[in-house]
Structure formats: structure tokens, C-alpha cells
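Take a look at the structure set out below.
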Amino acid sequence: MSSDEPETQPRQTIHDSTAPSTDTRDSRIGEGVDDRFNSKLREAFGASPFILTKFDEFMNWVRGNSMFMLQFGIACCSIEMIHTYAIKHDVDRYGAGVPRASPRQADVMIVPGTIVSKFGPRMKRVYDQMPEPKFVVGMGSCTISGGPFQEGYNVVKGAEEIIPIDIHVPGCPPRPEALIYGILKLQERIQNGESSPVVVKPYELEQFGDLPEDELVQKLASEIDEDDLVMRYNWADSP
Amino acid sequence: MSTGIEQTPADGETLTEDELEALIGDRAIARDDHMNAPGFVVNPDEVQSVLSDLKERAGYDHLSCVTAQEYEDRYESIYHLKKYADASDEVSVVVPTASHDPVSESAEQVFRTADWHEREAYDLVGIEYADHPDLRRILLPETWQGHPLSKGYDQEKPQVVTLSEHANPLEGDHRESGGESDTMFLNIGPHHPATHGVLHVETVLDGETVVDVEPDIGYLHRCEEQMCQQGTYRHQIMPYPDRWDYVSSGLLNEWAYARAIEDLADIEVPEYAQVIRTMGAELCRIASHMLALGTFALDVYGEFTAIFQYTFRDREVVQDILEDLTGQRMMFNYFRVGGVAWDLPEPREEFFEKTRDFLDELPAKVAEYNDMVTSNEIFQTRCIDTGVLEPEVAKDYGCTGPVARGSGVDYDLRRDDPYGYYENLDWDVVTRDGCDNYARVLTRMEEVEESAKIIQQCLDLLEDWPEDDREVQANVPRTLKPDADAETYRAVEAAKGELGIYIRSDGTDKPGRFKIRSPCFSNLQALGEMAEGEYIPDLVASLGSLDIVLGEVDR
């Protein structure tokens, strides 16, 4: 097929150089199909730019390539997370670089740091406020297991005790490259339509009145209202 | 560790130990000297009178730390006092209380800073302070059971933590009064972009004016003191300091621990290692101040694109250099007891060249920041004369670091209580007397330039250092067991101010008590003084100019 003849049939692959084969000016003054957006991709589609796919797959593809991260700094890892967003590493290249300050506008939460007892209920609340579908990247050892602080009296042994986590990025803290790898893996999973199952976690927010009555609950009964949301930490059962 | 060179006392009288003894007189029931300072044991009901005498008549105007601990037979609070005029002049006031009735007089009336310090002592150890204005838990949730650093605490026991609405501490919330009053309760945080981490600021507004501010901390209380008490001196403690002030100030924090333990175990650090330490620490200070500037610009005029990214670009360079030196970007774990882990990376010339390149470019970058940030009219309108912190108030709250120096308090431990190689180098302490947000930012910017000066001199020294004399570590026994009941409090000038460590040895290879004096903890306490009566955006600016890092506030 000669190059001045516009293609009408879809092609299976993009071959030769990745530069457009006709430049815009030529196509405007030329004849036939107007391929002014003449990219290789367009060429691959041929004259009729349609692809057949399932709507689900399309949505997953869209979701994976446009992730709105939650601006959520907790501890040391958040500094490396900022570096991932900032110059040099620039995670925006992967369509994931606009941190949103409100959980209502975000669909990916990176949990960058140690979760302690006082923060657990707040993190659960922030997670609950995010609209579905939502995804979580656990960044660093502390969100995996409590990390170097695991033996602390106040430290939750991993964020997964409270919220479901899709991708764990190990490290203390992980380098920005590692976080980017984690984000790419998450994109891959989202595009495949996978997400972690939402199951009941060991630590849930519940009303104080619903807790089984034991010594501790009786002791606190005068301080806490029955309708107040509480999180009960059973440290002895933690891994 | 102290180099033994005494700072000339500033004007005002300096009492000798005998005169101090005479001043306290019968109120001292015994002596309990610490390695850093003479210690006087006083009765729990005479704390206020002793401390106010020491403050008013002997010039000890800086309550740097309150350490609480439990012994087999008693509780003990230690007030570590210093002078802003001469930081090497220290005294400790030791207050024992009975195990069955741990009540001690509060020092809050004498030093405002004692408020939070005593709340922490109550929270973690369980000592109660009579006359304390507001003795509540500070780091742990209100509903916590038991005091985790006291003896016999069982950390396996379940705990219940609430997620309930906070009450307006002032009367007449607009919701209750049906619109008659204007005060409104506003939660800022714990998840909020302007709080630099997980800080919760309980704010009450009257219109747009802040009438009451109460920082609620503890959302990142990672039991750092417990972790250090479980680790052995030689190797297991050093990784933790990196994680206190995690804004790349790792080496500065490590130095705090290194200085305390080297003092306690009497270890002499080779001079060559001290020069490397000094250089590394100042690189960390630059990285830390860069972040402070970037996030402050972000707070003040939502500058996510330019200044923020510029400062992070420069931080990347510093982190790169530090990675070459230590092997890690943030959690360096590079200092060792008695020196540093290893010598400069080979080839040395490359390392010197890279660092010099950074220093050569720095003046132009600082000029750029001054063009874009500090000469910006909007920035100036937001910062000049807002968040005013008078020097006397700053001293009362135990503020240190750029926060104090921006209020004209000339206090820098690198000069006043020399350690490392600082006293042999040529540099200046930056102070400004604007007392406002603007002064604090400028102080940090100028400190970056001073740090660059220090690094330059260290590089010159290291380059010319004779090859056969490059000793990076002293000979330290594999298992370090300082003498039982040796106690010391040692501080260094970290990026945020005086970072001190109190260690009590119990004769084993792990500390009996390990207490961290965090500069941010004291600095943050002054937020109310700076923000009350101002507009709400000024509160955010003041918070940013304090440059707190929650890992260090909550520990």
C-alpha cells in the first residue's frame, strides 16, 4: 500500500517509526479521509475509529489511567510520597498526580505511615468517606505490620487491621521508585478489574452500646455515650 | 559530648554550686547529681517555690524538659533547667513522690511550658500534678486505661477509643444559642493539608477571628520512648532517632542520642568522625529548612506548583548527597556510638565535587527563593506582623530553634553548649527580632546559608585530612553497660530546636529510662499565644511557621 493513499482497513499492529506518517498540513490539503489527528493509534484504528469492548473493561481502563489520589500525610513515608509527586519522580506521568485534599473527591488512598490507636477510627472514617470504587496503597512497613514500632503499646499492627488494602509497598520508607511501581501495579489491577475483597476487619467502628459487656466496657460506661462510635482494640489477638 | 570549653557567662550573676545550695537551703532534702548538672531533691509540695527561686534569683529561665519515671519504690519527676543566656549552665530539680500517692505540685505557674510536659508525665507514667490547670491525657486517647510507661502495665489488655464529636470549650455555640452567638467550633485535622501531618487543632471562631486554639496531639504517638527502652545501647536504639523528626533531619536526631550515650559511657569520638558528623548534620538542616519553606509557601498562598516544587528539587539534590554518604535517602542510621558507620564514599573526589556543586549553586537558589517568596507582596501581607511571639513568651513556653531565634532569643546549642566540630568553624547564629511569621521564615533562609558555610569548611578539612588518620569510630565495647544509676540529659541543636535526650542507666545494656525532649512539642504549645485574636488564615500561617513535625511532637 502506498503512503499517499489513506487506509480504510484497520491494521493489527503499529509498525515502523512511531512518528505520524503524514503531517497535518498534508492531510488538510490532501483528499480523502481527513486524518488530521493522524497518530499511529488512529492509523491502527483505520478509517472507522471504533473499537469493540465491554463497558466494564472500558471503565476499568479509564479508572486505572486517571486516579485521583487522596492528599493524606501521616508519618515518615509521606515525605517520600511528596517526593513521588514532586519534581524528578513526578507520578503525574502515570495519570495519578493530582492529590485531592478531600476524601470525597479521591479514589485512591495511599496510607503513608504508622497507624496508632487514636488515629485508627479517623482513618476508617476518611476511608468510608471516599466514594466507591476506592483503592488503597499501603506504603511502608508500618502499614504492613506496624514495622519498627510493632511492639509499641499504642501501634496498630498494620493498616489492614482496619481497612482493606490492595497493594503493599514495603520499605522504611519505600523509595519513590518503589511507590511508583506500587501505583503502576495498582493501575494494572484496576485495569483487570481486580480489587481486594471488602471483608470485616478485626477493628471496626461500632456503637459503644453494641460492644459486648465486659469489665472494660462497664468501667467506661460512665464516660462514653451509648451512641458514640468507638473502636475496640484487642491487642492480645493482634498478630 | 562536651568538649570541656566553657562558654563565658553572659551578663547577670552565675551562681556557684554552693550558692545554689544556699539558695535552695532546707528545701533540698538530698542531692542527686546528674552527669550534666547538679541535682537537688525537693519535696513534692515545694516545687513551685524552688523553681521560682531558681528562675527569678538564679537566672534559670529555661525549663527544657520534664522527665517522669517510676522506680520500684517511688515515682520521680525531674525538671531540667537551663539558662537561655548560657545553655551549658544546668541544674536539675528532682521531685520524688510516693508510689501509693503520686501527687506533686505543678510547675505550670512558674513555667508555662510545664503544662504539656506534666500532662505527658501524667499520661504516660501516671504522676499527678496538684494545681495543674488542665490535667488530661495528651498523647493517648482520653479513654485509655493505665499508664503505659509505669511498672506493671499490661499492654495486652484491650482498649476502647472513641470517635465522638468535640465540644466547644467556650459557651454559646451558634448551634445551641439559636444564632445569637457567633462563636463556632472548627476542627482542623487530623486529616488536613495545612497541619503537616496528623495534628488536630480544635479552634473556636468568633466570626473570622480565632478566640481559642487547642492543639490536640497524639495521632502519631508511636511509643518511641518505649522502643528505645527495649533496645540495646550499642546498636538497637540508633535507627529510631531517624524517625522522630523524619523531615530528613535524621543525622541531627541521631546526634542527640549519640551525644547522650557518649556522655553517659564516656566515649571519645575521633575528630575526623566529628567533622563528618558536622557536615552530615548541616546537610540535613538544609533539607529540613527547604521543606519548611516549601510547605510554608504552600500553606500561605497555595503554592503547589512553583516554590513547593523548587524546594523539593533542591531537597532531592541534598538527599542524593546524603544517600551517597549514608546509603539511605531518609532513614540514614549512619551514626554509631563513638563515630560514624563508614568513611566518605569512594571515589572521594566525586563526592566532594558533587557536594561543592550543590553549595556553588545554593546562593543563586536562595536568591531565587528571596525573589519569589520573601519579596512577594502577598506573602509579606500574610506574614509580617502576624503570629507575633514575644521573646518573653517564647522563653516561658520553652521555645527553641528558629522559632525562638526569630523572636530575638539568641540561643543556639551549637555555639552555647558546643559539641562536634562547630566551635572550630567560622559561622554565625542567625537571630531576627521581628517576632512574626516573616521573621521565622527569614531566620530559616539565613540558616541555610550559614549551614552551607559550615559544610564548605568541613569539606575543606576532609579533603586535606591525612590519609593515615581517618579514624571513623572509637573503640567501643560490643556490649555497652554504663554504670548503674548514671543519669544524663544532653541536647543538640536539631533543625527545629533543642533536641534533648535523658537517659538513666540501670546497669544493664538497655536504658532504664529514655526520655526525648522534642523541640516541636514545646514550640507547638505556643500556638495559642500566636494565633488567638488573629484571623483564621493567620492561624494556618502561624502553624506553618512553627515548622512542626508530628513524629517529633508525638514521638
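The way I read the labels, and the way they are meant: chains A, B, ... in the order of the C-alpha cells, residue 1 as the first residue of every chain, and ligand 1 as the first ligand shown, with later ones counted on from there.
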
Find the residues of chain B that sit at most 6 Å from chain A; for each, write down the nearest two atoms and how far apart they are in Å, to one decimal. Count only C-alpha atoms. Sort by chain, then by number going up, and give it as CSV.
residue,atom,partner,partner_atom,distance
B:Pro141,CA,A:Lys118,CA,5.8
B:Gln155,CA,A:Tyr153,CA,5.4
B:Glu156,CA,A:Ala236,CA,4.7
B:Pro158,CA,A:Asn234,CA,4.5
B:Gln159,CA,A:Tyr233,CA,5.2
B:Val160,CA,A:Arg232,CA,4.4
B:Val161,CA,A:Met231,CA,5.3
B:Thr162,CA,A:Val230,CA,4.2
B:Leu163,CA,A:Leu229,CA,5.3
B:Ser164,CA,A:Asp228,CA,5.8
B:Gly197,CA,A:Ile74,CA,5.1
B:Val198,CA,A:Ile74,CA,5.7
B:Tyr219,CA,A:Phe119,CA,5.1
B:Cys223,CA,A:Gly152,CA,5.4
B:Tyr246,CA,A:Cys76,CA,5.3
B:Gln309,CA,A:Ala86,CA,5.9
B:Arg313,CA,A:Ile87,CA,5.9

Using N, CA, C and O atoms, can you export the residues from the last selection as a PDB file, in the first residue's frame?
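And here's selection_1.pdb as it stands now:
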ATOM      1  N   PRO B 141      -5.498   8.425  73.847  1.00  0.00           N
ATOM      2  CA  PRO B 141      -6.907   8.823  73.864  1.00  0.00           C
ATOM      3  C   PRO B 141      -7.428   8.967  75.295  1.00  0.00           C
ATOM      4  O   PRO B 141      -6.930   8.316  76.212  1.00  0.00           O
ATOM      5  N   GLN B 155       0.248  -4.403  78.308  1.00  0.00           N
ATOM      6  CA  GLN B 155      -0.151  -3.840  77.019  1.00  0.00           C
ATOM      7  C   GLN B 155      -0.983  -4.797  76.175  1.00  0.00           C
ATOM      8  O   GLN B 155      -1.376  -4.478  75.077  1.00  0.00           O
ATOM      9  N   GLU B 156      -1.270  -5.981  76.714  1.00  0.00           N
ATOM     10  CA  GLU B 156      -2.146  -6.920  76.007  1.00  0.00           C
ATOM     11  C   GLU B 156      -3.623  -6.610  76.260  1.00  0.00           C
ATOM     12  O   GLU B 156      -4.487  -7.146  75.584  1.00  0.00           O
ATOM     13  N   PRO B 158      -7.232  -5.010  76.267  1.00  0.00           N
ATOM     14  CA  PRO B 158      -7.944  -4.279  75.226  1.00  0.00           C
ATOM     15  C   PRO B 158      -8.162  -2.819  75.618  1.00  0.00           C
ATOM     16  O   PRO B 158      -8.150  -2.471  76.798  1.00  0.00           O
ATOM     17  N   GLN B 159      -8.342  -1.985  74.607  1.00  0.00           N
ATOM     18  CA  GLN B 159      -8.623  -0.568  74.838  1.00  0.00           C
ATOM     19  C   GLN B 159      -9.765  -0.149  73.931  1.00  0.00           C
ATOM     20  O   GLN B 159      -9.946  -0.713  72.855  1.00  0.00           O
ATOM     21  N   VAL B 160     -10.521   0.840  74.357  1.00  0.00           N
ATOM     22  CA  VAL B 160     -11.606   1.365  73.536  1.00  0.00           C
ATOM     23  C   VAL B 160     -11.313   2.823  73.224  1.00  0.00           C
ATOM     24  O   VAL B 160     -10.984   3.596  74.115  1.00  0.00           O
ATOM     25  N   VAL B 161     -11.373   3.168  71.955  1.00  0.00           N
ATOM     26  CA  VAL B 161     -11.097   4.542  71.540  1.00  0.00           C
ATOM     27  C   VAL B 161     -12.334   5.106  70.854  1.00  0.00           C
ATOM     28  O   VAL B 161     -12.936   4.437  70.015  1.00  0.00           O
ATOM     29  N   THR B 162     -12.708   6.307  71.209  1.00  0.00           N
ATOM     30  CA  THR B 162     -13.959   6.866  70.673  1.00  0.00           C
ATOM     31  C   THR B 162     -13.718   7.714  69.434  1.00  0.00           C
ATOM     32  O   THR B 162     -12.628   8.229  69.217  1.00  0.00           O
ATOM     33  N   LEU B 163     -14.772   7.833  68.646  1.00  0.00           N
ATOM     34  CA  LEU B 163     -14.786   8.782  67.533  1.00  0.00           C
ATOM     35  C   LEU B 163     -16.018   9.645  67.761  1.00  0.00           C
ATOM     36  O   LEU B 163     -17.060   9.431  67.166  1.00  0.00           O
ATOM     37  N   SER B 164     -15.892  10.586  68.684  1.00  0.00           N
ATOM     38  CA  SER B 164     -17.081  11.375  69.001  1.00  0.00           C
ATOM     39  C   SER B 164     -16.814  12.835  68.685  1.00  0.00           C
ATOM     40  O   SER B 164     -15.685  13.258  68.496  1.00  0.00           O
ATOM     41  N   GLY B 197       0.705  16.823  58.721  1.00  0.00           N
ATOM     42  CA  GLY B 197       0.689  15.536  59.379  1.00  0.00           C
ATOM     43  C   GLY B 197      -0.628  15.373  60.100  1.00  0.00           C
ATOM     44  O   GLY B 197      -1.617  15.993  59.731  1.00  0.00           O
ATOM     45  N   VAL B 198      -0.625  14.554  61.116  1.00  0.00           N
ATOM     46  CA  VAL B 198      -1.891  14.241  61.752  1.00  0.00           C
ATOM     47  C   VAL B 198      -2.062  15.028  63.050  1.00  0.00           C
ATOM     48  O   VAL B 198      -2.113  14.470  64.128  1.00  0.00           O
ATOM     49  N   TYR B 219      -1.856  11.711  67.552  1.00  0.00           N
ATOM     50  CA  TYR B 219      -2.294  10.863  66.450  1.00  0.00           C
ATOM     51  C   TYR B 219      -1.118  10.125  65.802  1.00  0.00           C
ATOM     52  O   TYR B 219      -1.309   9.371  64.864  1.00  0.00           O
ATOM     53  N   CYS B 223       5.171   5.401  70.481  1.00  0.00           N
ATOM     54  CA  CYS B 223       5.853   4.755  71.605  1.00  0.00           C
ATOM     55  C   CYS B 223       7.370   4.756  71.416  1.00  0.00           C
ATOM     56  O   CYS B 223       8.043   3.760  71.705  1.00  0.00           O
ATOM     57  N   TYR B 246      11.245  13.215  60.996  1.00  0.00           N
ATOM     58  CA  TYR B 246      11.543  12.456  59.783  1.00  0.00           C
ATOM     59  C   TYR B 246      11.725  13.339  58.549  1.00  0.00           C
ATOM     60  O   TYR B 246      11.847  12.844  57.457  1.00  0.00           O
ATOM     61  N   GLN B 309       7.602  22.968  44.454  1.00  0.00           N
ATOM     62  CA  GLN B 309       8.362  22.071  43.584  1.00  0.00           C
ATOM     63  C   GLN B 309       9.843  22.463  43.545  1.00  0.00           C
ATOM     64  O   GLN B 309      10.714  21.606  43.480  1.00  0.00           O
ATOM     65  N   ARG B 313      12.900  20.114  44.485  1.00  0.00           N
ATOM     66  CA  ARG B 313      14.008  19.868  43.552  1.00  0.00           C
ATOM     67  C   ARG B 313      15.341  19.959  44.292  1.00  0.00           C
ATOM     68  O   ARG B 313      16.210  19.099  44.150  1.00  0.00           O
TER      69      ARG B 313
END

Exercise. Please run DSSP on the backbone and report, as a VMD selection string, all residues within range 293-452 of chain B that come out as strand (DSSP E or B).
Key: chain B and resid 335 to 336 339 to 340

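Atom pair CA of Ile378 in chain B / CA of Ile286 in chain B: separated by 25.2 Å.
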
Exercise. Would you list the contacts of Pro38 in chain B as JSON, numbers by chain, taking every protein, DNA or RNA residue within 12 Å and counting only C-alpha atoms, but skipping same-chain residues closer than 4 positions in sequence?
Key: {"B": [16, 17, 18, 20, 21, 28, 30, 31, 32, 33, 34, 78, 79, 80, 81, 82, 89, 90, 91, 92, 93, 94, 487, 488, 489]}

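The two atoms in question, CA of Glu467 in chain B and CA of Trp342 in chain B, are spaced 14.4 Å apart.
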
Quiz item: Where does DSSP see helix (DSSP H, G or I) in range 65-198 of chain A, if you list the residues as a ChimeraX atom specification?
Solution: /A:65,76-85,91-94,103-105,120-129,141-145,147-149,159-161,176-191

Quiz prompt | Long-range neighbours of Asn43 in chain B as a PyMOL selection string, 10 Å cut-off, only C-alpha atoms, 4 positions minimum in chain | solution = chain B and resi 27-30+47+50+94-97+104-105

Go ahead and write the residues just picked, N, CA and C atoms, as a short mmCIF file (atom, residue, chain, number, x, y, z; two decimals), in the first residue's frame.
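The result, written out as again19.cif:
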data_model
loop_
_atom_site.label_atom_id
_atom_site.label_comp_id
_atom_site.auth_asym_id
_atom_site.auth_seq_id
_atom_site.Cartn_x
_atom_site.Cartn_y
_atom_site.Cartn_z
N ARG B 27 15.04 23.33 101.70
CA ARG B 27 14.05 22.70 100.83
C ARG B 27 14.65 21.51 100.08
N ALA B 28 15.98 21.50 99.96
CA ALA B 28 16.63 20.35 99.33
C ALA B 28 16.78 19.27 100.39
N ILE B 29 16.11 18.13 100.18
CA ILE B 29 16.23 17.09 101.18
C ILE B 29 17.42 16.18 100.90
N ALA B 30 17.95 16.24 99.69
CA ALA B 30 19.13 15.43 99.37
C ALA B 30 19.73 15.94 98.08
N VAL B 47 7.80 22.40 95.01
CA VAL B 47 8.29 22.53 93.64
C VAL B 47 8.21 23.97 93.17
N VAL B 50 10.77 26.40 94.86
CA VAL B 50 12.16 26.16 94.44
C VAL B 50 12.36 26.62 93.00
N VAL B 94 14.86 17.39 91.30
CA VAL B 94 14.31 16.04 91.33
C VAL B 94 13.20 15.99 92.37
N VAL B 95 12.03 15.54 91.97
CA VAL B 95 10.90 15.52 92.89
C VAL B 95 10.38 14.10 93.03
N PRO B 96 10.72 13.41 94.11
CA PRO B 96 10.19 12.07 94.30
C PRO B 96 8.78 12.12 94.91
N THR B 97 7.95 11.18 94.52
CA THR B 97 6.64 11.08 95.16
C THR B 97 6.39 9.62 95.50
N SER B 104 2.27 15.58 92.98
CA SER B 104 3.38 16.51 93.09
C SER B 104 2.87 17.87 92.66
N GLU B 105 3.47 18.93 93.20
CA GLU B 105 2.99 20.27 92.86
C GLU B 105 3.35 20.59 91.42
#

Quiz item: Which value, in Å to one decimal, gives the distance between CA of Glu450 in chain B and CA of Asn36 in chain B?
Solution: 28.5 Å

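The shortest atom-to-atom distance to Leu462 in chain B, with only C-alpha atoms taken into account, belongs to B:Arg277 out of B:Arg277, B:Arg57, B:Arg222, B:Asn253.
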
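Residue nearest Arg555 in chain B within the list B:Asp506, B:Asp245, B:Glu142, B:Glu377: B:Asp245 [criterion: smallest interatomic distance, only C-alpha atoms].
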
Exercise. Using only C-alpha atoms, find the one residue out of A:Thr53, A:Thr143, A:Ser222, A:Gln129 that sits nearest to Ile110 in chain A.
Key: A:Thr143

Exercise. Counting only C-alpha atoms, figure out which residue out of A:Val137, A:Cys142, A:Met59, A:Ile51 gets nearest to Tyr181 in chain A.
Key: A:Val137

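Non-sequential neighbours of Glu423 in chain B (distance at most 9 Å, separation of 5 or more positions within a chain, only C-alpha atoms) are Arg414, Arg415 and Pro418 of chain B.
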
Using all heavy atoms, can you write the selected residues to a file as an mmCIF file, in the first residue's frame?
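So part-v6.cif came out as:
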data_model
loop_
_atom_site.group_PDB
_atom_site.id
_atom_site.type_symbol
_atom_site.label_atom_id
_atom_site.label_comp_id
_atom_site.auth_asym_id
_atom_site.auth_seq_id
_atom_site.Cartn_x
_atom_site.Cartn_y
_atom_site.Cartn_z
ATOM 1 N N ARG B 414 24.630 24.825 69.262
ATOM 2 C CA ARG B 414 25.882 24.578 68.542
ATOM 3 C C ARG B 414 26.961 25.531 69.027
ATOM 4 O O ARG B 414 28.140 25.208 69.041
ATOM 5 C CB ARG B 414 25.672 24.772 67.040
ATOM 6 C CG ARG B 414 24.800 23.723 66.422
ATOM 7 C CD ARG B 414 24.528 24.036 64.979
ATOM 8 N NE ARG B 414 23.640 25.175 64.833
ATOM 9 C CZ ARG B 414 23.330 25.730 63.657
ATOM 10 N NH1 ARG B 414 23.863 25.272 62.548
ATOM 11 N NH2 ARG B 414 22.500 26.754 63.603
ATOM 12 N N ARG B 415 26.545 26.726 69.433
ATOM 13 C CA ARG B 415 27.518 27.687 69.937
ATOM 14 C C ARG B 415 27.554 27.702 71.467
ATOM 15 O O ARG B 415 28.612 27.784 72.065
ATOM 16 C CB ARG B 415 27.145 29.090 69.431
ATOM 17 C CG ARG B 415 28.090 30.167 69.918
ATOM 18 C CD ARG B 415 27.422 31.540 69.846
ATOM 19 N NE ARG B 415 26.221 31.570 70.656
ATOM 20 C CZ ARG B 415 25.240 32.444 70.494
ATOM 21 N NH1 ARG B 415 25.297 33.331 69.540
ATOM 22 N NH2 ARG B 415 24.172 32.409 71.275
ATOM 23 N N PRO B 418 28.903 23.763 73.096
ATOM 24 C CA PRO B 418 29.464 23.239 71.853
ATOM 25 C C PRO B 418 29.698 21.741 71.856
ATOM 26 O O PRO B 418 30.055 21.149 72.871
ATOM 27 C CB PRO B 418 30.792 23.991 71.706
ATOM 28 C CG PRO B 418 31.013 24.715 72.939
ATOM 29 C CD PRO B 418 29.776 24.742 73.738
#
